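**Q** Input: one structure, supplied below.
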Amino acid sequence: MPGTHEAGLAAHGFNVVAGADEAGRGACAGPLVAAAVILPVEPIAGIADSKKLTAAAREKMFRQITERALGCATVVVEAAEIDEIGIQRANLDALRRALLRLDPAPQFALIDGFGLDGLPFPSLGVWKGDQVAECVSAASIVAKVTRDRIMDRLAQECPGYGFEVHKGYGTAAHQAALEALGPSRAHRLSFDNVRAAMTGSVDGR
């Protein structure tokens with residue numbers, strides 16, 4: 001069954017509802033990934049906030065969502081673009097672009113946390129949307145799995161930082177590696193902790 005938000009929208013004639021969420025906003029390395037999902041009429045069992053699922057469960061749900069969704073789109077914003085335009089603008093732009101890429105276009109969009117302008121359909125920012133709206137939870141899973149796969153690849157391309165473990169977030173181990181090695185090409189140079197660790201050279205950038 002759809003979540004409460006989706007059921008309420010359906011009662012008002014909005015039957016094609018998209019959810020949108022991002023992954024990586026708070027990381028200091030790697031991209032930001034936004035996803036938008038329109039779920040099918042038949043429910044997909046097991047959808048939940050991506051943070052409450054194990055990595056294996058997220059991968060399983062990712063496959064089901066991408067195979068069965070009426071619409072699914074992702075947008076990847078690389079670290080260099082985040083540095084150029086800022087994380088807040090990058091986040092909102094990515095969510096907007098993901099929603100605009102959906103085919104079919106939704107009649108309404110639910111967005112985790114933020115309201116968005118510039119959309120040709122009505123939308124609503126929902127506090128903790130990934131916990132209370134199933135379509136937003138689905139988007140959170142797609143965004144998280146997509147980004148985790150990218151970070152696993154970056155771990156091979158930029159060894160020594162432990163991206164495969166912390167996925168670019170500012171853990172103590174990550175900070176220690178950053179201070180020892182300096183920023184990699186995957187790091188966001190506009191973030192304070194990365195700037196503090198810079199020694200004048202950036203690998204690959």
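We name chains A, B, ... following the order of the structure tokens; residues begin at 1 in each chain, and ligands are numbered from 1 as shown.
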List the neighbours of Gly24 in chain A out to 9 Å using only C-alpha atoms; skip same-chain residues closer than 2 positions along the sequence, and give me the result as a PyMOL selection string.

**A** chain A and resi 22+26-34+143-144+147+167-169

**Q** Need the shell around Phe14 in chain A: protein/DNA/RNA residues with any atom at most 9 Å away, counting only C-alpha atoms. Skip same-chain ones fewer than 6 positions apart. Format as JSON, numbers by chain?

**A** {"A": [6, 8, 106, 107, 108]}

**Q** Lys60 in chain A: which residues within 12 Å, counting only C-alpha atoms, same-chain residues fewer than 5 positions away excluded, as a PyMOL selection string?

**A** chain A and resi 44-47+50+53-55+65-67+138+141-142+145

**Q** Env of Phe191 in chain A: 12 Å cut, atoms = only C-alpha atoms, seq-sep filter 2 positions within chain, self excluded. Answer as a PyMOL selection string.

**A** chain A and resi 25-30+79-80+82-84+86-87+169-170+183+187-189+193-198

**Q** Write out as a PyMOL selection string the residues lying within 12 Å of Ala177 in chain A, counting only C-alpha atoms and excluding same-chain residues fewer than 2 positions away.

**A** chain A and resi 158-163+166+168+170-175+179-184+187+193-194+197
